[in-house]
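Asker: Mind having a look at this structure? Questions to follow.
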Number of protein chains: 2
Amino acid sequence: MQVQGKNYRTIWLDENNENVYIIDQRFLPHRFVIEEISTVDQMVVAIKDMHLRGAGLLGAAAGYGIFLAAKEAAPTGDFENVLNISAKRICEARPTAVNPEWAVKRQMQAISQANSIEEKIKTSFKTAELIADEDAECCRMIGRNGFSLLKQIAETKKGKTLNILTHCNAGWLAFVDYGSATAPIYEAFSEGIDLHVWVDETRPRNQGASLTAWELLNQQIPHTIITDNAGGYLMQQGMVDLVITGADRVTRQGDAANKIGTYLKALAAKDNNVPFYVALPSSTFDWNMRDGVKEIPIEQRDPAEIKFVSGLNDGEIKEVLITPADSAAANYGFDITPSRLINGLITERGICKANENDILNLFPEKMQPA
Amino acid sequence: MQVQGKNYRTIWLDENNENVYIIDQRFLPHRFVIEEISTVDQMVVAIKDMHLRGAGLLGAAAGYGIFLAAKEAAPTGDFENVLNISAKRICEARPTAVNPEWAVKRQMQAISQANSIEEKIKTSFKTAELIADEDAECCRMIGRNGFSLLKQIAETKKGKTLNILTHCNAGWLAFVDYGSATAPIYEAFSEGIDLHVWVDETRPRNQGASLTAWELLNQQIPHTIITDNAGGYLMQQGMVDLVITGADRVTRQGDAANKIGTYLKALAAKDNNVPFYVALPSSTFDWNMRDGVKEIPIEQRDPAEIKFVSGLNDGEIKEVLITPADSAAANYGFDITPSRLINGLITERGICKANENDILNLFPEKMQPA
């Protein structure tokens with residue numbers, strides 16, 4: 001998508017296919033910083049410390065991470081072991097997300113089928129590129145499929161602006177390109193639909209206020225940033241026509257783990273008859289889980305993310321303490337939106353209801369859990 | 001309540017009963033600043049710019065504001081007119097709150113019954129003190145009445161810690177003393193109940209993270225600050241036994257206007273069978289309204305409160321920009337929690353269900369709207 005009028009992906013290789021480049025998202029929206037990543041160590045730090053984040057991008061980063069891992073393992077004389085250790089570290093850098101594990105598994109399987117170490121490295125390169133390209137293509141298709149939904153709701157507005165609310169950043173910055181929740185918005189906007197986006201700021205890391213808003217600005221799409229507290233009121237007042245969020249993990253029965261606070265918006269949408277949709281590439285499904293509330297592990301992050309807020313002051317990015325220094329804080333990263341609160345899932349294959357039967361109608365090859 | 005081991009109210013007169021003193025809450029939790037207020041102008045600024053805030057304290061401040069107004073009106077030779085203009089300015093400084101209007105009305109009625117201007121000033125002084133004392137006494141009684149509820153729920157915990165979630169600051173800083181939502185907590189804690197408070201940070205102004213946490217720290221009550229997004233997850237996981245919030249306005253049928261985001265917590269409480277209570281002195285009832293969602297006006301505040309976050313950096317209070325400079329933001333101050341989501345109202349007369357019948361059983365004198 002566009003950054004200051006120029007097209008970018010969120011992750012790419014240099015001309016010689018050696019080093020990985022990413023947009024270091026910690027500096028957005030204030031500075032546009034590109035980071036070079038040449039080692040597994042750097043990739044693990046980038047994933048863990050959220051230089052990059054988001055379901056699809058984490059998958060692509062893990063894919064490229066295994067490519068770096070294969071190159072590092074080659075000269076050690078203990079290729080299998082060294083690669084396995086790196087693979088484990090990459091998976092464990094963000095335990096709630098399913099995509100790194102998925103990408104690593106896919107890489108390991110592909111690599112295992114190559115014979116020489118040279119072949120294995122070549123395979124890991126090709127697989128990494130494939131994972132990234134497929135992610136972008138998935139999101140493009142989510143955009144097409146979601147567009148039909150937006151068009152349909154827009155038609156009921158009879159010339160009035162279509163108001164969409166989104167939580168966190170399930171934008172192109174969370175994927176390789178286009179995004180999941182944003183893809184239908186970008187598609188609908190480019191097709192001329194009159195729309196406006198309510199952007200939840202998404203505490204504690206403010207990915208809505210910093211990333212989604214920045215994306216929409218660069219795409220020149222009308223948007224308004226609100227606190228995470230505000231969505232319920234907007235829905236009570238009829239100021240939201242549709243909620244679209246992304247997901248970090250969706251179970252077979254359609255329960256969605258997503259950024260903390262998503263569940264609260266789904267409750268408000270239900271209470272006010274506002275359609276609530278989750279957009280995801282199928283790699284985000286966890287086919288081995290059913291009950292999201294009981295089964296999905298929720299990551300607890302550093303309380304400092306709550307106690308300190310980062311932003312621009314006098315041209316510099318600074319952190320300010322917003323609590324008493326001696327108060328405790330707890331930082332749960334995600335919550336679970338039960339499928340009963342979700343009107344539908346927007347995937348690259350189409351839109352389906354959030355229940356096992358309808359999901360498997362779109363993905364019949366997953367009839368048996370892996 | 002306690003500040004560094006010393007007892008304070010949030011508003012008081014100097015020894016000569018001339019000037020008003022308040023805790024300037026804008027500097028909390030980082031600095032404890034006392035402000036002297038000698039004019040109506042200063043009081044209007046203090047109310048409008050939230051040097052002080054909260055239902056009961058706004059009422060007391062309006063009461064003392066009319067005392068200052070009466071003193072200012074005396075030498076003008078146009079007592080009635082000048083007083084009326086000040087009264088209007090005080091009421092309009094925070095349009096969503098019902099307490100300033102209530103306090104001003106009470107003052108104006110009392111003053112109208114005094115004969116000389118000297119008598120009128122004396123009456124306005126007495127009435128201001130009475131409003132403050134009654135507010136404190138109301139909150140003390142809310143504490144006693146709420147305590148019986150907390151005790152009852154604590155007994156079901158069989159020795160485990162009682163977990164209470166609260167939103168915003170309905171603490172003693174929002175009243176003259178004790179608070180509404182916090183009064184039962186302070187009472188239960190002093191009665192030896194093992195409890196812990198989840199404190200919603202309460203964006204955009206972070207009154208939970210800055211004020212409620214600061215109160216609880218000074219009272220040495222165990223507490224943990226969370227984002228506004230987190231409460232739903234905590235309830236899903238059985239980590240909340242009770243929600244208590246305050247209110248800015250409650251209708252005859254029990255709909256409650258409170259800090260934006262309260263409605264979302266009430267929805268989550270309902271969805272997880274967690275009792276949700278609203279604590280309020282009866283001055284917060286608006287006996288002229290029934291349907292809160294349709295009738296209560298919601299204040300829109302400065303978008304800068306969303307775009308900038310204030311906190312401590314390098315020993316100084318600084319503001320940081322957390323959004324793209326060019327993105328729009330909207331700042332709705334309150335939402336409405338419909339009575340169907342409220343298990344009960346904790347008032348100075350006792351606890352009742354949130355419906356017109358049960359409310360009027362406690363306040364039979366309000367059978368006819370004013």
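The way I read the labels, and the way they are meant: chains A, B, ... in the order of the structure tokens, residue 1 as the first residue of every chain, and ligand 1 as the first ligand shown, with later ones counted on from there.
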Considering only C-alpha atoms, extract the chain A residues located within 7 Å of chain B and return them as a ChimeraX atom specification.

Answerer: /A:29-30,203-204,209-210,213-214,217,223-230,232-233,260-261,263-264,267-268,306,310-313,319-324,327-332,335

Asker: For those residues, write N, CA and C atoms to a file as a short mmCIF file (atom, residue, chain, number, x, y, z; two decimals), in the first residue's frame.

Answerer:
data_model
loop_
_atom_site.label_atom_id
_atom_site.label_comp_id
_atom_site.auth_asym_id
_atom_site.auth_seq_id
_atom_site.Cartn_x
_atom_site.Cartn_y
_atom_site.Cartn_z
N PRO A 29 3.21 6.54 14.34
CA PRO A 29 3.07 7.26 13.07
C PRO A 29 4.08 8.39 12.90
N HIS A 30 5.01 8.52 13.85
CA HIS A 30 5.82 9.74 13.86
C HIS A 30 6.99 9.69 12.89
N ARG A 203 -5.59 0.78 23.34
CA ARG A 203 -4.63 0.70 24.43
C ARG A 203 -4.33 -0.77 24.75
N PRO A 204 -3.13 -1.11 25.26
CA PRO A 204 -2.12 -0.14 25.69
C PRO A 204 -1.16 0.34 24.62
N ALA A 209 -4.58 4.11 16.98
CA ALA A 209 -4.25 5.54 16.89
C ALA A 209 -2.97 5.77 16.11
N SER A 210 -2.03 4.83 16.21
CA SER A 210 -0.74 5.08 15.57
C SER A 210 -0.64 4.43 14.19
N ALA A 213 -4.66 4.58 11.85
CA ALA A 213 -4.88 5.97 11.44
C ALA A 213 -3.83 6.40 10.41
N TRP A 214 -2.59 5.99 10.63
CA TRP A 214 -1.50 6.34 9.71
C TRP A 214 -1.74 5.72 8.33
N LEU A 217 -4.65 7.62 6.68
CA LEU A 217 -4.16 8.94 6.23
C LEU A 217 -3.40 8.79 4.91
N HIS A 223 -11.37 9.34 8.39
CA HIS A 223 -11.35 8.52 9.60
C HIS A 223 -11.31 9.42 10.83
N THR A 224 -11.75 8.87 11.95
CA THR A 224 -11.73 9.60 13.22
C THR A 224 -11.25 8.65 14.31
N ILE A 225 -10.27 9.09 15.07
CA ILE A 225 -9.74 8.27 16.17
C ILE A 225 -10.62 8.48 17.40
N ILE A 226 -10.97 7.39 18.06
CA ILE A 226 -11.77 7.44 19.29
C ILE A 226 -11.08 6.60 20.37
N THR A 227 -11.46 6.82 21.63
CA THR A 227 -10.95 5.95 22.68
C THR A 227 -11.63 4.58 22.55
N ASP A 228 -11.02 3.58 23.15
CA ASP A 228 -11.62 2.24 23.16
C ASP A 228 -12.95 2.24 23.90
N ASN A 229 -13.14 3.22 24.76
CA ASN A 229 -14.38 3.32 25.53
C ASN A 229 -15.57 3.80 24.72
N ALA A 230 -15.32 4.42 23.56
CA ALA A 230 -16.37 5.19 22.89
C ALA A 230 -17.31 4.37 22.00
N GLY A 232 -19.21 1.79 22.21
CA GLY A 232 -20.55 1.44 22.71
C GLY A 232 -21.50 2.61 22.55
N TYR A 233 -21.06 3.79 22.93
CA TYR A 233 -21.89 4.98 22.80
C TYR A 233 -22.24 5.25 21.32
N ILE A 260 -7.06 -7.36 22.90
CA ILE A 260 -7.89 -7.14 24.07
C ILE A 260 -8.86 -5.97 23.81
N GLY A 261 -10.12 -6.19 24.16
CA GLY A 261 -11.14 -5.17 23.95
C GLY A 261 -12.07 -5.48 22.79
N TYR A 263 -13.78 -8.19 22.28
CA TYR A 263 -14.97 -8.81 22.87
C TYR A 263 -15.99 -7.75 23.31
N LEU A 264 -15.49 -6.67 23.91
CA LEU A 264 -16.40 -5.60 24.39
C LEU A 264 -17.13 -4.95 23.22
N LEU A 267 -19.86 -7.31 22.01
CA LEU A 267 -21.04 -7.26 22.90
C LEU A 267 -21.90 -6.03 22.57
N ALA A 268 -21.25 -4.90 22.36
CA ALA A 268 -21.99 -3.67 22.05
C ALA A 268 -22.67 -3.78 20.69
N ILE A 306 1.45 -0.44 30.06
CA ILE A 306 0.28 0.27 30.57
C ILE A 306 0.69 1.52 31.32
N SER A 310 3.88 6.18 25.04
CA SER A 310 4.91 6.74 24.18
C SER A 310 4.29 7.64 23.13
N GLY A 311 4.93 8.77 22.87
CA GLY A 311 4.43 9.69 21.84
C GLY A 311 5.42 10.79 21.57
N LEU A 312 5.00 11.72 20.74
CA LEU A 312 5.89 12.79 20.27
C LEU A 312 5.78 14.02 21.17
N ASN A 313 6.94 14.50 21.63
CA ASN A 313 6.98 15.73 22.43
C ASN A 313 8.20 16.51 21.98
N GLU A 319 8.52 8.77 26.48
CA GLU A 319 7.57 7.98 27.27
C GLU A 319 7.17 8.77 28.50
N VAL A 320 5.87 8.82 28.78
CA VAL A 320 5.42 9.48 30.01
C VAL A 320 4.74 8.46 30.91
N LEU A 321 4.96 8.61 32.21
CA LEU A 321 4.33 7.75 33.22
C LEU A 321 2.93 8.30 33.51
N ILE A 322 1.89 7.45 33.38
CA ILE A 322 0.53 7.96 33.58
C ILE A 322 -0.12 7.44 34.85
N THR A 323 0.58 6.64 35.64
CA THR A 323 0.03 6.07 36.87
C THR A 323 0.91 6.46 38.05
N PRO A 324 0.43 6.26 39.28
CA PRO A 324 1.36 6.39 40.40
C PRO A 324 2.50 5.38 40.18
N SER A 327 1.90 1.91 41.85
CA SER A 327 0.73 1.06 41.59
C SER A 327 1.11 -0.09 40.67
N ALA A 328 0.49 -1.26 40.90
CA ALA A 328 0.69 -2.39 40.01
C ALA A 328 -0.18 -2.22 38.77
N ALA A 329 0.23 -2.86 37.67
CA ALA A 329 -0.59 -2.90 36.46
C ALA A 329 -0.52 -4.29 35.87
N ALA A 330 -1.59 -4.72 35.19
CA ALA A 330 -1.60 -6.03 34.53
C ALA A 330 -1.95 -5.83 33.07
N ASN A 331 -1.29 -6.57 32.19
CA ASN A 331 -1.35 -6.31 30.75
C ASN A 331 -1.69 -7.58 29.98
N TYR A 332 -2.98 -7.88 29.89
CA TYR A 332 -3.44 -9.03 29.11
C TYR A 332 -3.57 -8.59 27.66
N ASP A 335 -8.39 -10.92 24.04
CA ASP A 335 -9.55 -11.56 24.62
C ASP A 335 -10.22 -12.41 23.55
#

Asker: So that I can see what lies close to Ala154 in chain A, please list as a list in words the residues with an atom at most 10 Å from it, counting only C-alpha atoms and leaving out residues fewer than 3 positions away in the same chain.

Answerer: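 Contacts, in chain order: Ser148, Leu149, Leu150, Lys151, Lys157, Lys158, Gly159, Lys160, Thr161, Leu162, Asn163, Ala188, Ile193, Asp194, Leu195, Asp241 and Leu242 of chain A.
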
Asker: Can you tell me, as a list in words, what residues are no more than 12 Å from Glu80 in chain A when counting only C-alpha atoms, ignoring any on the same chain fewer than 5 positions away?

Answerer: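 Within the cut-off, the hits are Ala69, Ala70, Lys71, Glu72, Ala73, Ala74, Pro75, Ile85, Ser86, Ala87, Met108, Ile111, Ser112, Ser116, Ile117 and Lys120 of chain A.
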
Asker: What would the file look like if the residues just selected were written as a compact mmCIF listing (two decimals), in the first residue's frame with N, CA and C atoms?

Answerer:
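For reference, again19.txt as written:
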# COMPACT_ATOMS: atom_id res chain seq x y z
N ALA A 69 17.53 -18.74 9.36
CA ALA A 69 17.98 -19.83 10.23
C ALA A 69 18.69 -20.91 9.42
N ALA A 70 18.16 -21.22 8.25
CA ALA A 70 18.79 -22.25 7.40
C ALA A 70 20.18 -21.79 6.98
N LYS A 71 20.29 -20.51 6.62
CA LYS A 71 21.61 -19.98 6.23
C LYS A 71 22.60 -20.03 7.40
N GLU A 72 22.07 -19.75 8.60
CA GLU A 72 22.95 -19.78 9.78
C GLU A 72 23.34 -21.20 10.16
N ALA A 73 22.42 -22.14 9.93
CA ALA A 73 22.66 -23.53 10.34
C ALA A 73 23.67 -24.22 9.42
N ALA A 74 23.72 -23.77 8.15
CA ALA A 74 24.53 -24.47 7.14
C ALA A 74 25.99 -24.67 7.56
N PRO A 75 26.70 -23.63 7.99
CA PRO A 75 28.14 -23.84 8.28
C PRO A 75 28.42 -24.53 9.62
N ILE A 85 16.38 -25.59 16.80
CA ILE A 85 16.44 -24.65 17.93
C ILE A 85 15.94 -23.27 17.49
N SER A 86 16.37 -22.83 16.32
CA SER A 86 15.90 -21.53 15.81
C SER A 86 14.39 -21.54 15.58
N ALA A 87 13.91 -22.64 15.03
CA ALA A 87 12.47 -22.76 14.74
C ALA A 87 11.67 -22.62 16.03
N MET A 108 9.56 -26.12 7.65
CA MET A 108 10.31 -27.30 8.08
C MET A 108 9.96 -28.51 7.21
N ILE A 111 11.62 -27.94 3.81
CA ILE A 111 13.08 -28.12 3.92
C ILE A 111 13.44 -29.60 4.05
N SER A 112 12.60 -30.32 4.80
CA SER A 112 12.89 -31.74 5.05
C SER A 112 12.88 -32.56 3.75
N SER A 116 20.22 -31.81 -0.40
CA SER A 116 21.47 -31.18 0.08
C SER A 116 21.15 -29.96 0.94
N ILE A 117 22.15 -29.52 1.68
CA ILE A 117 21.98 -28.31 2.49
C ILE A 117 21.77 -27.11 1.59
N LYS A 120 18.29 -27.15 0.62
CA LYS A 120 17.43 -26.80 1.76
C LYS A 120 17.34 -25.28 1.91

Asker: Distance CA of Glu356 in chain A-CA of Ala279 in chain A, one decimal place?

Answerer: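 Going from CA of Glu356 in chain A over to CA of Ala279 in chain A covers 16.2 Å.
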
Asker: Mind checking DSSP for range 147-302 of chain A and telling me the alpha helix (DSSP H) residues as number ranges by chain?

Answerer: A: 147-156, 182-190, 207, 213-219, 231-236, 262-271, 292-295

Asker: Considering only C-alpha atoms, state which residue in the set A:Leu362, A:Ala257, A:Val278, A:Ala62 is at the smallest distance from Ala132 in chain A.

Answerer: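 Ranking A:Leu362, A:Ala257, A:Val278, A:Ala62 by distance to Ala132 in chain A, first place goes to A:Ala62.
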
Asker: Could you check which of A:Tyr186, A:His196, A:Asn343, A:Gln152 is closest to Asp358 in chain A, using only C-alpha atoms?

Answerer: A:Asn343

Asker: With a distance cut-off of 12 Å and only C-alpha atoms, select the neighbouring residues of Asn99 in chain B, excluding the residue or stretch itself and same-chain residues fewer than 4 positions from it, and output the selection as a ChimeraX atom specification.

Answerer: /B:47,53-63,90-95,103-106,131-132,135,174-175,247-250,280-286

Asker: Using only C-alpha atoms, which residue out of A:Leu173, A:Ala110, A:Pro338, A:Leu165 lies closest to Arg26 in chain A?

Answerer: A:Leu173

Asker: Can you list, as JSON, numbers by chain, every residue of range 192-259 of chain B that DSSP puts in strand (DSSP E)?

Answerer: {"B": [195, 196, 197, 198, 199, 200, 223, 224, 225, 226, 242, 243, 244, 245, 249, 250, 251, 256, 257, 258, 259]}

Asker: Take the residues just selected and output them with N, CA and C atoms as a compact mmCIF listing (two decimals), in the first residue's frame.

Answerer:
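Okay, this is what ended up in again.txt:
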# COMPACT_ATOMS: atom_id res chain seq x y z
N LEU B 195 -9.71 -7.89 50.00
CA LEU B 195 -10.17 -7.46 48.67
C LEU B 195 -9.05 -6.88 47.82
N HIS B 196 -9.32 -6.84 46.53
CA HIS B 196 -8.39 -6.31 45.52
C HIS B 196 -9.22 -5.60 44.46
N VAL B 197 -8.73 -4.46 43.98
CA VAL B 197 -9.49 -3.65 43.03
C VAL B 197 -8.81 -3.62 41.66
N TRP B 198 -9.55 -3.98 40.61
CA TRP B 198 -9.10 -3.78 39.23
C TRP B 198 -9.48 -2.35 38.85
N VAL B 199 -8.50 -1.54 38.50
CA VAL B 199 -8.75 -0.13 38.20
C VAL B 199 -8.66 0.11 36.70
N ASP B 200 -9.80 0.36 36.03
CA ASP B 200 -9.78 0.75 34.61
C ASP B 200 -9.03 2.07 34.47
N HIS B 223 -4.43 -3.11 44.62
CA HIS B 223 -5.12 -2.75 43.37
C HIS B 223 -4.19 -2.97 42.19
N THR B 224 -4.78 -3.13 41.01
CA THR B 224 -4.02 -3.31 39.78
C THR B 224 -4.67 -2.47 38.69
N ILE B 225 -3.88 -1.68 38.01
CA ILE B 225 -4.38 -0.85 36.91
C ILE B 225 -4.42 -1.70 35.64
N ILE B 226 -5.54 -1.61 34.91
CA ILE B 226 -5.69 -2.32 33.64
C ILE B 226 -6.16 -1.33 32.58
N LEU B 242 -17.39 -8.54 41.16
CA LEU B 242 -18.34 -7.44 41.32
C LEU B 242 -17.80 -6.23 40.58
N VAL B 243 -18.70 -5.52 39.87
CA VAL B 243 -18.33 -4.23 39.29
C VAL B 243 -19.10 -3.15 40.05
N ILE B 244 -18.40 -2.11 40.49
CA ILE B 244 -19.08 -0.94 41.04
C ILE B 244 -18.57 0.29 40.31
N THR B 245 -19.50 1.07 39.77
CA THR B 245 -19.11 2.35 39.18
C THR B 245 -19.92 3.46 39.84
N ARG B 249 -25.42 10.90 36.13
CA ARG B 249 -26.86 11.19 36.11
C ARG B 249 -27.58 9.86 36.01
N VAL B 250 -28.59 9.66 36.84
CA VAL B 250 -29.38 8.42 36.79
C VAL B 250 -30.85 8.82 36.66
N THR B 251 -31.55 8.21 35.70
CA THR B 251 -32.95 8.58 35.46
C THR B 251 -33.89 7.85 36.42
N ALA B 256 -28.20 4.86 33.68
CA ALA B 256 -27.10 5.64 34.28
C ALA B 256 -26.16 6.21 33.22
N ALA B 257 -26.04 7.54 33.21
CA ALA B 257 -24.98 8.17 32.41
C ALA B 257 -23.73 8.17 33.27
N ASN B 258 -22.67 7.64 32.74
CA ASN B 258 -21.40 7.65 33.47
C ASN B 258 -20.28 7.75 32.44
N LYS B 259 -19.07 7.86 32.91
CA LYS B 259 -17.90 8.01 32.05
C LYS B 259 -17.95 7.04 30.87

Asker: Extract, using only C-alpha atoms, all DNA, RNA and protein residues at most 10 Å from Thr39 in chain B, discarding same-chain residues fewer than 5 positions from it, and format them as an MDAnalysis selection string.

Answerer: chainID B and resid 19:20 44 65:69 71:72

Asker: So how many Å separate CA of Asn361 in chain B and CA of Ala128 in chain B, to one decimal?

Answerer: 28.9 Å

Asker: If you measure from CA of Val176 in chain B to CA of Arg301 in chain B, what distance in Å do you get, rounded to one decimal?

Answerer: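 We find that CA of Val176 in chain B and CA of Arg301 in chain B lie 24.6 Å from each other.
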
Asker: Could you give me, as a short mmCIF file (atom, residue, chain, number, x, y, z; two decimals) with N, CA, C and O atoms, in the first residue's frame, the residues within 10 Å of range 6-13 of chain B, counting only C-alpha atoms and dropping anything in the same chain fewer than 3 positions from it?

Answerer:
data_model
loop_
_atom_site.label_atom_id
_atom_site.label_comp_id
_atom_site.auth_asym_id
_atom_site.auth_seq_id
_atom_site.Cartn_x
_atom_site.Cartn_y
_atom_site.Cartn_z
N MET B 1 -10.45 11.61 53.37
CA MET B 1 -9.63 10.42 53.35
C MET B 1 -8.15 10.82 53.46
O MET B 1 -7.81 11.98 53.55
N GLN B 2 -7.27 9.81 53.39
CA GLN B 2 -5.85 10.01 53.66
C GLN B 2 -5.06 10.49 52.44
O GLN B 2 -5.23 9.96 51.34
N VAL B 3 -4.19 11.47 52.65
CA VAL B 3 -3.14 11.80 51.70
C VAL B 3 -1.84 11.80 52.49
O VAL B 3 -1.67 12.62 53.40
N ASN B 16 -11.00 31.75 57.89
CA ASN B 16 -11.90 32.91 57.97
C ASN B 16 -13.17 32.75 57.14
O ASN B 16 -13.91 33.72 56.95
N ASN B 17 -13.36 31.57 56.59
CA ASN B 17 -14.52 31.30 55.73
C ASN B 17 -14.63 32.29 54.58
O ASN B 17 -15.70 32.78 54.25
N GLU B 18 -13.50 32.58 53.95
CA GLU B 18 -13.50 33.54 52.84
C GLU B 18 -13.21 32.87 51.50
O GLU B 18 -13.99 32.96 50.57
N ASN B 19 -12.07 32.22 51.43
CA ASN B 19 -11.66 31.61 50.16
C ASN B 19 -11.89 30.10 50.19
O ASN B 19 -11.87 29.48 51.25
N VAL B 20 -12.08 29.57 48.99
CA VAL B 20 -12.29 28.13 48.85
C VAL B 20 -10.95 27.49 48.49
O VAL B 20 -10.16 28.07 47.73
N TYR B 21 -10.68 26.32 49.03
CA TYR B 21 -9.51 25.56 48.63
C TYR B 21 -9.96 24.24 48.02
O TYR B 21 -10.93 23.63 48.48
N ILE B 22 -9.24 23.84 46.98
CA ILE B 22 -9.50 22.53 46.36
C ILE B 22 -8.17 21.84 46.09
O ILE B 22 -7.12 22.48 46.03
N ILE B 23 -8.26 20.51 45.93
CA ILE B 23 -7.11 19.76 45.41
C ILE B 23 -7.17 19.89 43.89
O ILE B 23 -8.17 19.53 43.28
N ASP B 24 -6.15 20.47 43.28
CA ASP B 24 -6.14 20.59 41.81
C ASP B 24 -5.75 19.23 41.23
O ASP B 24 -4.58 18.85 41.20
N GLN B 25 -6.78 18.51 40.78
CA GLN B 25 -6.59 17.10 40.44
C GLN B 25 -5.84 16.88 39.13
O GLN B 25 -5.47 15.76 38.81
N ILE B 34 -2.60 22.14 46.00
CA ILE B 34 -3.82 22.75 46.54
C ILE B 34 -4.01 24.11 45.87
O ILE B 34 -3.06 24.89 45.75
N GLU B 35 -5.24 24.38 45.37
CA GLU B 35 -5.51 25.64 44.67
C GLU B 35 -6.45 26.51 45.50
O GLU B 35 -7.45 26.01 46.03
N GLU B 36 -6.15 27.80 45.59
CA GLU B 36 -7.04 28.74 46.25
C GLU B 36 -7.98 29.34 45.22
O GLU B 36 -7.55 29.78 44.15
N ILE B 37 -9.27 29.36 45.51
CA ILE B 37 -10.28 29.89 44.59
C ILE B 37 -11.03 31.01 45.29
O ILE B 37 -11.73 30.77 46.27
N LEU B 52 -11.24 20.20 39.25
CA LEU B 52 -12.01 19.26 40.04
C LEU B 52 -13.08 18.67 39.14
O LEU B 52 -13.43 19.24 38.11
N LEU B 57 -18.53 16.32 44.03
CA LEU B 57 -17.62 17.46 44.18
C LEU B 57 -18.08 18.62 43.31
O LEU B 57 -17.98 19.79 43.72
N ALA B 60 -20.76 20.33 45.27
CA ALA B 60 -20.19 21.13 46.36
C ALA B 60 -19.49 22.37 45.82
O ALA B 60 -19.61 23.47 46.37
N ALA B 61 -18.77 22.19 44.70
CA ALA B 61 -18.06 23.32 44.10
C ALA B 61 -19.05 24.38 43.62
O ALA B 61 -18.83 25.58 43.79
N TYR B 64 -20.28 26.23 46.74
CA TYR B 64 -19.29 27.24 47.16
C TYR B 64 -19.18 28.36 46.11
O TYR B 64 -18.93 29.52 46.44
N PHE B 125 -23.38 30.96 52.48
CA PHE B 125 -22.27 30.29 53.15
C PHE B 125 -22.74 29.02 53.86
O PHE B 125 -22.18 27.94 53.69
N GLU B 129 -21.83 25.05 52.96
CA GLU B 129 -21.27 24.12 53.94
C GLU B 129 -22.18 22.90 54.10
O GLU B 129 -21.71 21.76 54.19
N ALA B 132 -21.85 20.48 51.20
CA ALA B 132 -20.60 19.71 51.32
C ALA B 132 -20.73 18.64 52.41
O ALA B 132 -20.37 17.47 52.20
N ALA B 136 -20.69 14.47 52.01
CA ALA B 136 -19.80 13.56 52.74
C ALA B 136 -20.61 12.51 53.51
O ALA B 136 -20.28 11.32 53.48
N TRP B 172 -13.25 9.37 46.50
CA TRP B 172 -13.47 10.56 47.33
C TRP B 172 -13.06 11.82 46.58
O TRP B 172 -13.60 12.90 46.86
N LEU B 173 -12.15 11.68 45.61
CA LEU B 173 -11.76 12.84 44.81
C LEU B 173 -12.90 13.35 43.92
O LEU B 173 -12.86 14.46 43.42
N ALA B 174 -13.92 12.51 43.73
CA ALA B 174 -15.08 12.92 42.92
C ALA B 174 -16.19 13.48 43.80
O ALA B 174 -17.22 13.94 43.30
N PHE B 175 -15.99 13.42 45.11
CA PHE B 175 -16.99 13.91 46.07
C PHE B 175 -16.28 14.81 47.08
O PHE B 175 -15.15 15.23 46.84
N VAL B 176 -16.93 15.05 48.17
CA VAL B 176 -16.28 15.82 49.22
C VAL B 176 -15.42 14.89 50.08
O VAL B 176 -14.33 15.26 50.52
N ASP B 177 -15.90 13.66 50.24
CA ASP B 177 -15.15 12.66 51.02
C ASP B 177 -15.69 11.25 50.67
O ASP B 177 -16.77 11.13 50.10
N TYR B 178 -14.94 10.22 51.00
CA TYR B 178 -15.33 8.80 50.86
C TYR B 178 -15.53 8.30 49.43
O TYR B 178 -15.11 7.21 49.08
N ASN B 218 -2.91 5.57 48.63
CA ASN B 218 -2.88 6.33 49.88
C ASN B 218 -3.64 5.62 50.99
O ASN B 218 -3.36 5.82 52.17
#
